[in-house]
Structures are given as C-alpha cells and as structure tokens.
$ cat coords.txt   # compact mmCIF, C-alpha atoms
# COMPACT_ATOMS: atom_id res chain seq x y z
CA GLU P 1 0.00 0.00 0.00
CA CYS P 2 2.80 2.45 0.92
CA TYR P 3 4.73 1.80 -2.28
CA GLY P 4 1.51 2.15 -4.24
CA ARG P 5 0.94 5.62 -2.77
CA GLU P 6 4.55 6.54 -3.61
CA LEU P 7 4.12 5.52 -7.23
CA SER P 8 0.80 7.36 -7.42
CA LEU P 9 2.40 10.56 -6.13
CA ARG P 10 5.21 10.31 -8.68
CA SER P 11 2.83 9.66 -11.59
CA ASN P 12 0.56 12.56 -10.61
CA LYS P 13 3.54 14.87 -10.37
CA ARG P 14 4.74 13.82 -13.81
CA GLU P 15 1.26 14.35 -15.26
CA ARG P 16 0.99 17.87 -13.83
CA THR P 17 4.43 19.00 -14.97
CA GLY P 18 4.60 17.03 -18.20
CA GLY P 19 7.72 15.14 -17.20
CA PRO P 20 10.38 15.19 -14.51
CA PRO P 21 10.36 18.41 -12.43
CA ARG P 22 12.79 21.06 -13.59
CA PHE P 23 15.72 22.25 -11.50
CA TRP P 24 14.33 25.72 -10.72
CA ASN P 25 10.86 24.31 -10.05
CA GLN P 26 12.18 22.23 -7.15
CA GLY P 27 13.21 25.30 -5.12
CA LEU P 28 16.93 24.54 -5.41
CA LEU P 29 17.91 27.62 -7.40
CA PRO P 30 18.37 30.02 -4.40
CA GLU P 31 20.50 27.50 -2.53
CA PHE P 32 22.58 26.78 -5.63
CA ALA P 33 23.13 30.51 -6.30
CA LEU P 34 24.18 31.08 -2.69
CA GLU P 35 26.70 28.24 -2.83
CA VAL P 36 28.14 29.61 -6.08
CA LEU P 37 28.56 33.10 -4.60
CA ILE P 38 30.28 31.74 -1.51
CA CYS P 39 32.53 29.24 -3.24
CA VAL P 40 33.59 31.63 -6.01
CA VAL P 41 35.39 33.84 -3.49
CA HIS P 42 39.07 32.99 -3.68
CA PRO P 43 42.37 34.88 -3.30
CA PRO P 44 43.27 36.06 -6.77
CA PRO P 45 46.62 34.60 -7.90
CA GLY P 46 49.38 37.12 -8.37
CA LEU P 47 47.30 39.96 -6.96
CA SER P 48 48.29 41.48 -3.62
CA PHE P 49 47.52 44.92 -2.23
CA ASP P 50 46.58 46.56 1.05
CA ILE P 51 43.29 48.10 2.14
CA PHE P 52 43.46 51.14 4.41
CA VAL P 53 40.60 51.76 6.83
CA GLU P 54 40.48 54.85 9.06
CA ALA P 55 38.30 54.67 12.18
CA ARG P 56 38.48 56.39 15.59
CA GLY P 57 41.66 58.21 14.67
CA ARG P 58 43.50 55.05 13.70
CA THR P 59 44.45 53.68 10.33
CA SER P 60 44.12 49.92 9.91
CA VAL P 61 45.97 48.20 7.10
CA TYR P 62 44.49 44.94 5.85
CA SER P 63 45.90 42.81 3.09
CA VAL P 64 43.47 41.61 0.46
CA GLU P 65 44.42 38.01 1.27
CA SER P 66 43.22 38.46 4.88
CA VAL P 67 39.92 39.96 3.76
CA VAL P 68 39.29 37.18 1.26
CA VAL P 69 40.19 34.49 3.80
CA SER P 70 37.71 36.04 6.25
CA ILE P 71 34.98 35.73 3.64
CA MET P 72 36.04 32.19 2.80
CA PHE P 73 35.14 31.09 6.33
CA LEU P 74 31.53 31.08 5.10
CA ARG P 75 32.39 27.84 3.31
CA LEU P 76 32.22 26.07 6.66
CA TYR P 77 28.50 25.70 6.15
CA LEU P 78 29.36 23.11 3.46
CA VAL P 79 30.65 20.89 6.26
CA TRP P 80 27.22 21.06 7.84
CA ASN P 81 25.58 20.18 4.51
CA TYR P 82 27.80 17.14 4.11
CA TYR P 83 27.12 16.01 7.66
CA ARG P 84 23.36 16.50 7.22
CA GLU P 85 23.35 14.41 4.05
CA TRP P 86 25.41 11.71 5.78
CA LEU P 87 23.01 11.73 8.73
CA PHE P 88 19.97 11.12 6.53
CA ALA P 89 21.78 8.81 4.08
CA ARG P 90 21.59 6.00 6.66
CA TYR P 91 17.82 5.77 6.07
CA THR P 92 16.91 4.14 2.76
CA THR P 93 13.28 5.32 2.70
CA LYS P 94 13.94 8.89 3.83
CA ASN P 95 12.30 10.59 0.85
CA PHE P 96 9.23 8.37 0.99
CA ALA P 97 8.84 8.86 4.76
CA SER P 98 9.27 12.62 4.35
CA ARG P 99 6.43 12.78 1.80
CA MET P 100 4.14 10.53 3.78
CA ASN P 101 4.56 12.53 7.01
CA ASP P 102 4.76 15.92 5.28
CA VAL P 103 7.97 16.75 7.17
CA PRO P 104 10.87 18.21 5.16
CA MET P 105 14.28 16.67 5.81
CA ASP P 106 16.07 19.98 6.20
CA SER P 107 18.64 21.44 8.58
CA LYS P 108 16.03 22.09 11.25
CA LEU P 109 15.17 18.40 11.46
CA ALA P 110 18.86 17.47 11.41
CA VAL P 111 19.64 19.78 14.35
CA LYS P 112 16.76 18.30 16.36
CA ALA P 113 17.92 14.78 15.57
CA ILE P 114 21.51 15.51 16.63
CA LEU P 115 20.42 17.26 19.83
CA ASP P 116 18.26 14.26 20.64
CA ASP P 117 21.01 11.73 19.88
CA ARG P 118 24.29 13.39 21.00
CA PRO P 119 23.51 16.82 22.41
CA PHE P 120 26.63 17.54 24.45
CA LEU P 121 29.04 16.32 21.75
CA PHE P 122 27.33 18.51 19.16
CA LEU P 123 27.31 21.62 21.39
CA GLY P 124 30.95 21.10 22.31
CA PHE P 125 31.92 20.75 18.65
CA VAL P 126 30.05 23.95 17.72
CA LEU P 127 31.59 25.83 20.64
CA VAL P 128 35.17 24.83 19.76
CA TRP P 129 34.83 25.74 16.09
CA THR P 130 33.08 29.02 16.92
CA VAL P 131 35.87 30.05 19.28
CA LEU P 132 38.60 29.18 16.77
CA VAL P 133 36.97 30.94 13.80
CA LEU P 134 35.97 34.10 15.68
CA ALA P 135 39.37 34.30 17.37
CA TYR P 136 41.08 34.19 13.97
CA LEU P 137 38.74 36.89 12.64
CA VAL P 138 39.53 39.08 15.66
CA ARG P 139 43.21 38.57 14.96
CA ILE P 140 42.74 39.76 11.38
CA ALA P 141 40.71 42.78 12.49
CA GLU P 142 42.77 43.88 15.51
CA SER P 143 46.38 42.91 14.85
CA PRO P 144 47.18 45.86 12.52
CA VAL P 145 46.35 48.47 15.24
CA ASN P 146 46.41 46.58 18.54
CA VAL P 147 49.66 45.13 19.81
CA GLN P 148 47.89 42.95 22.40
CA HIS P 149 46.27 40.92 19.63
CA LEU P 150 49.51 39.81 18.00
CA TYR P 151 49.43 36.74 20.23
CA PHE P 152 46.74 34.24 19.13
CA TRP P 153 46.00 33.04 22.66
CA ASN P 154 44.82 36.55 23.51
CA GLN P 155 42.15 36.37 20.82
CA LEU P 156 41.06 32.97 22.08
CA TRP P 157 40.79 34.37 25.61
CA LEU P 158 38.79 37.38 24.38
CA ILE P 159 36.27 35.21 22.50
CA VAL P 160 35.89 32.78 25.41
CA VAL P 161 35.16 35.50 27.99
CA THR P 162 32.80 37.17 25.49
CA ILE P 163 30.83 34.01 24.70
CA THR P 164 30.52 33.11 28.37
CA ALA P 165 29.39 36.70 29.17
CA THR P 166 32.25 37.08 31.68
CA GLY P 167 34.02 40.13 30.30
CA TYR P 168 37.08 40.65 32.50
CA GLY P 169 38.04 43.78 30.59
CA ASP P 170 41.74 42.95 30.31
CA LEU P 171 41.36 42.58 26.51
CA TYR P 172 38.92 44.41 24.29
CA PRO P 173 38.61 45.32 20.59
CA ILE P 174 39.26 48.85 19.39
CA THR P 175 38.24 48.58 15.73
CA HIS P 176 34.69 48.53 14.41
CA LEU P 177 35.23 45.18 12.72
CA GLY P 178 36.61 43.66 15.92
CA ARG P 179 33.64 44.95 17.90
CA LEU P 180 31.27 43.50 15.32
CA ILE P 181 32.93 40.09 15.69
CA CYS P 182 32.64 40.29 19.48
CA CYS P 183 28.92 41.14 19.11
CA ILE P 184 28.52 38.02 16.98
CA ALA P 185 30.29 36.05 19.73
CA MET P 186 27.80 37.43 22.29
CA PHE P 187 24.80 36.29 20.25
CA VAL P 188 26.35 32.88 19.61
CA GLY P 189 27.07 32.48 23.33
CA ALA P 190 23.47 33.33 24.22
CA MET P 191 22.17 30.82 21.66
CA LEU P 192 24.49 28.07 22.89
CA LEU P 193 23.55 28.75 26.51
CA ALA P 194 19.83 28.59 25.68
CA THR P 195 20.32 25.36 23.74
CA LEU P 196 22.39 23.87 26.56
CA THR P 197 19.71 24.79 29.10
CA ALA P 198 16.97 23.19 27.00
CA THR P 199 19.12 20.09 26.43
CA VAL P 200 19.92 19.64 30.12
CA SER P 201 16.23 20.10 30.97
CA SER P 202 15.21 17.42 28.49
CA GLN P 203 17.93 15.07 29.71
CA LEU P 204 16.82 15.51 33.33
CA ALA P 205 13.16 14.88 32.49
CA LEU P 206 11.69 11.56 33.68
CA ASN P 207 11.24 8.82 31.11
CA ALA P 208 8.16 6.60 30.89
CA GLY P 209 9.38 4.03 33.42
CA GLU P 210 10.52 6.64 35.91
CA SER P 211 7.21 8.49 35.57
CA ARG P 212 5.24 5.31 36.30
CA LEU P 213 7.44 4.61 39.34
CA MET P 214 7.00 8.12 40.72
CA MET P 215 3.23 7.96 40.15
CA PHE P 216 3.08 4.67 42.08
CA LEU P 217 5.12 6.10 44.96
CA GLN P 218 3.00 9.24 45.03
CA SER P 219 -0.23 7.21 45.06
CA GLU P 220 1.13 5.19 48.00
CA ARG P 221 2.02 8.39 49.83
CA TRP P 222 -1.44 9.81 49.17
CA GLU P 223 -3.09 6.66 50.54
CA LYS P 224 -0.97 6.92 53.69
CA ASP P 225 -1.87 10.60 54.06
CA ILE P 226 -5.58 9.78 53.62
CA ARG P 227 -5.44 7.07 56.31
CA LEU P 228 -3.62 9.41 58.65
CA ALA P 229 -6.18 12.14 58.00
CA ALA P 230 -9.01 9.66 58.71
CA ILE P 231 -7.39 8.62 62.00
CA LYS P 232 -7.00 12.22 63.05
CA SER P 233 -10.62 12.90 62.12
CA ILE P 234 -11.86 9.97 64.24
CA GLN P 235 -9.68 11.07 67.15
CA SER P 236 -10.97 14.62 66.89
CA TRP P 237 -14.56 13.38 66.75
CA TRP P 238 -14.06 11.16 69.81
CA ARG P 239 -12.37 13.88 71.81
CA ARG P 240 -15.17 16.27 71.04
CA SER P 241 -18.01 13.75 71.54
CA ILE P 242 -16.60 12.58 74.89
CA LYS P 243 -17.25 16.06 76.23
CA HIS P 244 -20.85 16.15 74.96
CA PRO P 245 -23.47 16.33 77.78
CA LYS P 246 -25.28 13.17 76.61
CA THR P 247 -22.01 11.22 76.41
CA LEU P 248 -20.99 12.38 79.89
CA SER P 249 -24.43 11.45 81.27
CA ALA P 250 -24.25 7.95 79.75
CA LEU P 251 -20.74 7.45 81.15
CA ARG P 252 -21.88 8.54 84.63
CA SER P 253 -24.86 6.16 84.47
CA PHE P 254 -22.60 3.28 83.37
CA ARG P 255 -20.13 3.93 86.19
CA ALA P 256 -22.93 4.18 88.74
CA LYS P 257 -24.48 0.85 87.68
CA LYS P 258 -21.06 -0.77 87.73
CA ARG P 259 -20.46 0.42 91.28
CA GLN P 260 -23.92 -0.82 92.35
CA TYR P 261 -23.29 -4.25 90.86
CA ARG P 262 -19.91 -4.47 92.60
CA LYS P 263 -21.51 -3.53 95.91
CA PHE P 264 -24.20 -6.17 95.32
CA LEU P 265 -21.58 -8.85 94.80
CA GLU P 266 -19.69 -7.76 97.88
CA ALA P 267 -22.89 -7.76 99.97
CA THR P 268 -23.88 -11.27 98.85
CA PRO P 269 -20.66 -13.26 98.55
CA HIS P 270 -22.50 -16.62 98.27
CA PHE P 271 -24.50 -15.32 95.32
CA GLY P 272 -21.31 -14.09 93.71
CA ALA P 273 -19.75 -17.52 94.12
CA PHE P 274 -22.93 -19.11 92.73
CA VAL P 275 -22.77 -16.91 89.67
CA SER P 276 -19.10 -17.76 89.15
CA GLN P 277 -19.87 -21.49 89.50
CA MET P 278 -22.67 -21.20 86.94
CA LYS P 279 -20.36 -19.52 84.49
CA ALA P 280 -17.73 -22.22 84.94
CA ASP P 281 -20.29 -25.03 84.49
CA ASN P 282 -21.61 -23.32 81.35
CA GLU P 283 -18.12 -23.17 79.93
CA ARG P 284 -17.50 -26.91 80.66
CA VAL P 285 -20.79 -27.90 79.00
CA THR P 286 -19.99 -25.81 75.96
CA GLU P 287 -16.52 -27.39 75.69
CA ALA P 288 -17.96 -30.92 75.99
CA LEU P 289 -20.51 -30.24 73.25
CA SER P 290 -17.79 -28.91 71.02
CA LYS P 291 -15.70 -32.07 71.49
CA MET P 292 -18.68 -34.34 70.74
CA GLU P 293 -19.45 -32.37 67.58
CA ALA P 294 -15.82 -32.64 66.45
CA THR P 295 -15.80 -36.40 67.12
CA LEU P 296 -18.99 -36.96 65.12
CA GLN P 297 -17.68 -34.91 62.23
CA GLY P 298 -14.42 -36.90 62.21
CA ALA P 299 -16.22 -40.32 62.28
CA GLY P 300 -18.37 -39.47 59.25
CA PRO P 301 -22.06 -40.18 58.48
CA GLY P 302 -21.77 -43.98 59.05
CA ALA P 303 -21.06 -43.52 62.76
CA LEU P 304 -24.59 -42.20 63.46
CA PRO P 305 -27.04 -44.91 64.79

$ encode --input "coords.txt" --output "structure tokens"
Amino acid sequence: ECYGRELSLRSNKRERTGGPPRFWNQGLLPEFALEVLICVVHPPPGLSFDIFVEARGRTSVYSVESVVVSIMFLRLYLVWNYYREWLFARYTTKNFASRMNDVPMDSKLAVKAILDDRPFLFLGFVLVWTVLVLAYLVRIAESPVNVQHLYFWNQLWLIVVTITATGYGDLYPITHLGRLICCIAMFVGAMLLATLTATVSSQLALNAGESRLMMFLQSERWEKDIRLAAIKSIQSWWRRSIKHPKTLSALRSFRAKKRQYRKFLEATPHFGAFVSQMKADNERVTEALSKMEATLQGAGPGALP
C-alpha cells in the first residue's frame, strides 16, 4: 500500500508538470546561487595589495588576502551540509517517509535529531569551532592596530570571555570590525547557553518508566496521608463527643451501675460464688458439646445410629 501511494504521487507529479520536475521548479535555485557566490570567493593569484581603513583616529591596514580568507570562512557551512546528508543517508526510505509525514528533511530536522542523539558532543563541537573561527577573525581585524592581539591566545581568551558573558576587561577590541565580531560572539554564546539549558532540561526529564514509578510512589504516599487524615478525624470526633453532655451522662450512668453491681456482689458473697460457679459449668458444658461435635464430624455419616 505504501509503495503504491509513492508511485501514485510520482505519476501525478509527472502528469501535472509534463515530465520530470525542472531544477528551478524544485526550489533549489536560491541555494545553488548562494553556494556559487560563496565558493567563487578565492584569493586572486598574483594579486596582492593593502586596504586602508580609518576609524576612531586610527588607520588599519588589511591585506586583500586576509579579507578574502575572512569571507572564505563562510564555506564552513558546506561541512554542515555534508554532515546532514550523511546523517539522513543512513535511512533508505527517507524521501518516501518525508512525503508521507509531510515533514521536510532539512537542517532544522537534522539539528533536532543531533540534539536528541548526541547533544553535548554537538554543542561542544560547535563551541570549539566558533571560538577558533571568531578568534582568527579578531586577529585579522585587531592585529594591525592593537599590539595585544599579535598573540593568538589573547584572541582565544577574548572570545571565550565574550561568549561566556564574563568580560574581565583585560582585553577588548578597538576597531569597528573587531567589535562586530565580538557582538557576533555574544549572540552565539546566548544561543548556545539557551540550547544547553533546554538540552539539560530534556535530559533531566523523567522517562516513561521513571514516571510510572513516581506515580506509584506518590499514590502510596497519598493513601498513607488519607489514612492518617481519617485517623486524626476519628480522634478529633471522639475527643469532642466525649465532652458532649449526653455522652458524659451515659458514662456517669454506666459507672454508677457498675459500682452498684460491685456492691451487690460484695454484699452477697454466696450469690457471687454461685454466679461464678454457673459460668464455669456453662463453659464446661460448651466445651464438651464442642468435642462431641468434632468427634462426630471426624467419624463421618456412618457412625450415626
């Protein structure tokens, strides 16, 4: 049935378009044009000159090779494209499943899948590459006018304290381009922190088994609390009812009759002994009848005359 629906979709699409869909009709033209514009940037061979930029009373000198290399860092998104294709290439029916569920297999789905599978490894990888790339860009922007940024570890330190929103103030950019790069680092740090918070929250959430266990334990605790509340209610009722006038009157009557009966037994000791003897005889007769009944039951129906 599934393969039949797949073939039906393909045939309907061919009937509507009059053949296989064209390249620009598939929505691939903007992505292709963007890749061409990014990949066409390359240091021109045999061409080298300097670019002078004046800002805040300082003149920054940038070589054309440094500017072109900075733009070439945009090619890193190709690494993500390759990884995304490799991630989905493991599933043989990916296109069919995407059409059936009406879910595009794009970068958004790939990011969700990676964060669900290996969140901390992915965030660590993105953080390391972000620090390295931005630190190199800060070096290009600041080294011509700032002596402190001649040492690459200083740029790494600046990007790290900027991403983590620490900001010690020992190093800071003085060019507009360097400040722009640090602003980018701030936004990236905020995004990574938000993603890390969401990932940790999802990892700490209870799974199905843990949720069932906690629900069972909570139901047991509620039952115990209900029993305890019932006991306290009965105790409160008894303590209040014992002080009621009718209850006190009945208790006084019971105590009075008990005292009268005790006085009667003390006044007539022979009668008290007679009553005790009657009780003892009644108990012996009851015990004898019980033994006879047990004997008859053990002998069975044939023992009766």

$ atom_distance --input "coords.txt" --atom1 "atom CA of P:Leu123" --atom2 "atom CA of P:Val188"
11.4 Å

$ closest_residue --input "coords.txt" --among "P:Leu180, P:Met191, P:Val145, P:Ala288" --to "P:Ala165" --atoms "all atoms listed in the file"
P:Met191

$ atom_distance --input "coords.txt" --atom1 "atom CA of P:Phe122" --atom2 "atom CA of P:Gln155"
23.3 Å

$ residues_near_point --input "coords.txt" --point "(40.3, 38.5, 16.2)" --cutoff "9 Å" --atoms "all atoms listed in the file" --output "MDAnalysis selection string"
chainID P and resid 133:143 149 152 154:156 158:159 173 178 181:182

$ atom_distance --input "coords.txt" --atom1 "atom CA of P:Leu37" --atom2 "atom CA of P:Glu65"
17.6 Å

$ residues_around --input "coords.txt" --residues "stretch 72-83 of chain P" --least-positions-apart "6" --cutoff "7 Å" --atoms "only C-alpha atoms" --output "compact mmCIF listing (two decimals) with C-alpha atoms, in the frame of the given file"
# COMPACT_ATOMS: atom_id res chain seq x y z
CA ILE P 38 30.28 31.74 -1.51
CA CYS P 39 32.53 29.24 -3.24
CA VAL P 41 35.39 33.84 -3.49

$ build_atoms --input "coords.txt" --residues "stretch 29-40 of chain P" --atoms "all heavy atoms" --output "PDB file, in the frame of the given file"
ATOM      1  N   LEU P  29      17.153  26.548  -6.764  1.00  0.00           N
ATOM      2  CA  LEU P  29      17.910  27.620  -7.400  1.00  0.00           C
ATOM      3  C   LEU P  29      18.500  28.619  -6.388  1.00  0.00           C
ATOM      4  O   LEU P  29      19.682  28.975  -6.501  1.00  0.00           O
ATOM      5  CB  LEU P  29      17.043  28.352  -8.418  1.00  0.00           C
ATOM      6  CG  LEU P  29      17.748  29.449  -9.231  1.00  0.00           C
ATOM      7  CD1 LEU P  29      18.925  28.865 -10.011  1.00  0.00           C
ATOM      8  CD2 LEU P  29      16.756  30.120 -10.188  1.00  0.00           C
ATOM      9  N   PRO P  30      17.750  29.090  -5.364  1.00  0.00           N
ATOM     10  CA  PRO P  30      18.370  30.020  -4.400  1.00  0.00           C
ATOM     11  C   PRO P  30      19.536  29.411  -3.645  1.00  0.00           C
ATOM     12  O   PRO P  30      20.575  30.059  -3.449  1.00  0.00           O
ATOM     13  CB  PRO P  30      17.205  30.368  -3.457  1.00  0.00           C
ATOM     14  CG  PRO P  30      15.977  30.119  -4.254  1.00  0.00           C
ATOM     15  CD  PRO P  30      16.299  28.956  -5.123  1.00  0.00           C
ATOM     16  N   GLU P  31      19.411  28.154  -3.238  1.00  0.00           N
ATOM     17  CA  GLU P  31      20.500  27.500  -2.530  1.00  0.00           C
ATOM     18  C   GLU P  31      21.715  27.319  -3.428  1.00  0.00           C
ATOM     19  O   GLU P  31      22.860  27.512  -2.999  1.00  0.00           O
ATOM     20  CB  GLU P  31      20.027  26.155  -1.987  1.00  0.00           C
ATOM     21  CG  GLU P  31      21.053  25.442  -1.129  1.00  0.00           C
ATOM     22  CD  GLU P  31      20.519  24.151  -0.552  1.00  0.00           C
ATOM     23  OE1 GLU P  31      19.317  23.849  -0.771  1.00  0.00           O
ATOM     24  OE2 GLU P  31      21.297  23.430   0.102  1.00  0.00           O
ATOM     25  N   PHE P  32      21.471  26.950  -4.678  1.00  0.00           N
ATOM     26  CA  PHE P  32      22.580  26.780  -5.630  1.00  0.00           C
ATOM     27  C   PHE P  32      23.292  28.113  -5.879  1.00  0.00           C
ATOM     28  O   PHE P  32      24.529  28.178  -5.909  1.00  0.00           O
ATOM     29  CB  PHE P  32      22.046  26.208  -6.934  1.00  0.00           C
ATOM     30  CG  PHE P  32      23.073  26.119  -8.019  1.00  0.00           C
ATOM     31  CD1 PHE P  32      24.054  25.144  -7.995  1.00  0.00           C
ATOM     32  CD2 PHE P  32      23.064  27.030  -9.072  1.00  0.00           C
ATOM     33  CE1 PHE P  32      25.008  25.067  -9.007  1.00  0.00           C
ATOM     34  CE2 PHE P  32      24.015  26.962 -10.066  1.00  0.00           C
ATOM     35  CZ  PHE P  32      24.995  25.981 -10.037  1.00  0.00           C
ATOM     36  N   ALA P  33      22.524  29.189  -6.060  1.00  0.00           N
ATOM     37  CA  ALA P  33      23.130  30.510  -6.300  1.00  0.00           C
ATOM     38  C   ALA P  33      23.946  30.954  -5.092  1.00  0.00           C
ATOM     39  O   ALA P  33      25.035  31.530  -5.243  1.00  0.00           O
ATOM     40  CB  ALA P  33      22.045  31.524  -6.628  1.00  0.00           C
ATOM     41  N   LEU P  34      23.446  30.692  -3.887  1.00  0.00           N
ATOM     42  CA  LEU P  34      24.180  31.080  -2.690  1.00  0.00           C
ATOM     43  C   LEU P  34      25.493  30.309  -2.577  1.00  0.00           C
ATOM     44  O   LEU P  34      26.541  30.894  -2.243  1.00  0.00           O
ATOM     45  CB  LEU P  34      23.309  30.816  -1.454  1.00  0.00           C
ATOM     46  CG  LEU P  34      23.924  31.163  -0.101  1.00  0.00           C
ATOM     47  CD1 LEU P  34      24.234  32.651  -0.018  1.00  0.00           C
ATOM     48  CD2 LEU P  34      22.999  30.739   1.027  1.00  0.00           C
ATOM     49  N   GLU P  35      25.469  29.024  -2.881  1.00  0.00           N
ATOM     50  CA  GLU P  35      26.700  28.240  -2.830  1.00  0.00           C
ATOM     51  C   GLU P  35      27.706  28.734  -3.869  1.00  0.00           C
ATOM     52  O   GLU P  35      28.919  28.770  -3.606  1.00  0.00           O
ATOM     53  CB  GLU P  35      26.381  26.767  -3.048  1.00  0.00           C
ATOM     54  CG  GLU P  35      25.677  26.110  -1.884  1.00  0.00           C
ATOM     55  CD  GLU P  35      25.613  24.610  -2.043  1.00  0.00           C
ATOM     56  OE1 GLU P  35      26.272  24.084  -2.967  1.00  0.00           O
ATOM     57  OE2 GLU P  35      24.905  23.960  -1.250  1.00  0.00           O
ATOM     58  N   VAL P  36      27.223  29.106  -5.055  1.00  0.00           N
ATOM     59  CA  VAL P  36      28.140  29.610  -6.080  1.00  0.00           C
ATOM     60  C   VAL P  36      28.781  30.906  -5.626  1.00  0.00           C
ATOM     61  O   VAL P  36      30.005  31.113  -5.783  1.00  0.00           O
ATOM     62  CB  VAL P  36      27.380  29.805  -7.408  1.00  0.00           C
ATOM     63  CG1 VAL P  36      28.251  30.553  -8.419  1.00  0.00           C
ATOM     64  CG2 VAL P  36      26.972  28.459  -7.985  1.00  0.00           C
ATOM     65  N   LEU P  37      28.007  31.826  -5.056  1.00  0.00           N
ATOM     66  CA  LEU P  37      28.560  33.100  -4.600  1.00  0.00           C
ATOM     67  C   LEU P  37      29.584  32.919  -3.491  1.00  0.00           C
ATOM     68  O   LEU P  37      30.584  33.642  -3.424  1.00  0.00           O
ATOM     69  CB  LEU P  37      27.433  34.021  -4.134  1.00  0.00           C
ATOM     70  CG  LEU P  37      26.488  34.548  -5.222  1.00  0.00           C
ATOM     71  CD1 LEU P  37      25.377  35.365  -4.595  1.00  0.00           C
ATOM     72  CD2 LEU P  37      27.259  35.383  -6.240  1.00  0.00           C
ATOM     73  N   ILE P  38      29.343  31.960  -2.621  1.00  0.00           N
ATOM     74  CA  ILE P  38      30.280  31.740  -1.510  1.00  0.00           C
ATOM     75  C   ILE P  38      31.547  31.031  -1.994  1.00  0.00           C
ATOM     76  O   ILE P  38      32.667  31.398  -1.606  1.00  0.00           O
ATOM     77  CB  ILE P  38      29.592  30.945  -0.391  1.00  0.00           C
ATOM     78  CG1 ILE P  38      28.495  31.795   0.260  1.00  0.00           C
ATOM     79  CG2 ILE P  38      30.595  30.500   0.671  1.00  0.00           C
ATOM     80  CD1 ILE P  38      27.689  31.067   1.312  1.00  0.00           C
ATOM     81  N   CYS P  39      31.371  30.033  -2.819  1.00  0.00           N
ATOM     82  CA  CYS P  39      32.530  29.240  -3.240  1.00  0.00           C
ATOM     83  C   CYS P  39      33.373  29.943  -4.304  1.00  0.00           C
ATOM     84  O   CYS P  39      34.533  29.571  -4.516  1.00  0.00           O
ATOM     85  CB  CYS P  39      32.060  27.881  -3.781  1.00  0.00           C
ATOM     86  SG  CYS P  39      31.285  26.839  -2.531  1.00  0.00           S
ATOM     87  N   VAL P  40      32.815  30.948  -4.976  1.00  0.00           N
ATOM     88  CA  VAL P  40      33.590  31.630  -6.010  1.00  0.00           C
ATOM     89  C   VAL P  40      34.618  32.579  -5.402  1.00  0.00           C
ATOM     90  O   VAL P  40      35.569  32.996  -6.093  1.00  0.00           O
ATOM     91  CB  VAL P  40      32.639  32.390  -6.964  1.00  0.00           C
ATOM     92  CG1 VAL P  40      32.150  33.693  -6.337  1.00  0.00           C
ATOM     93  CG2 VAL P  40      33.312  32.653  -8.305  1.00  0.00           C
TER      94      VAL P  40
END
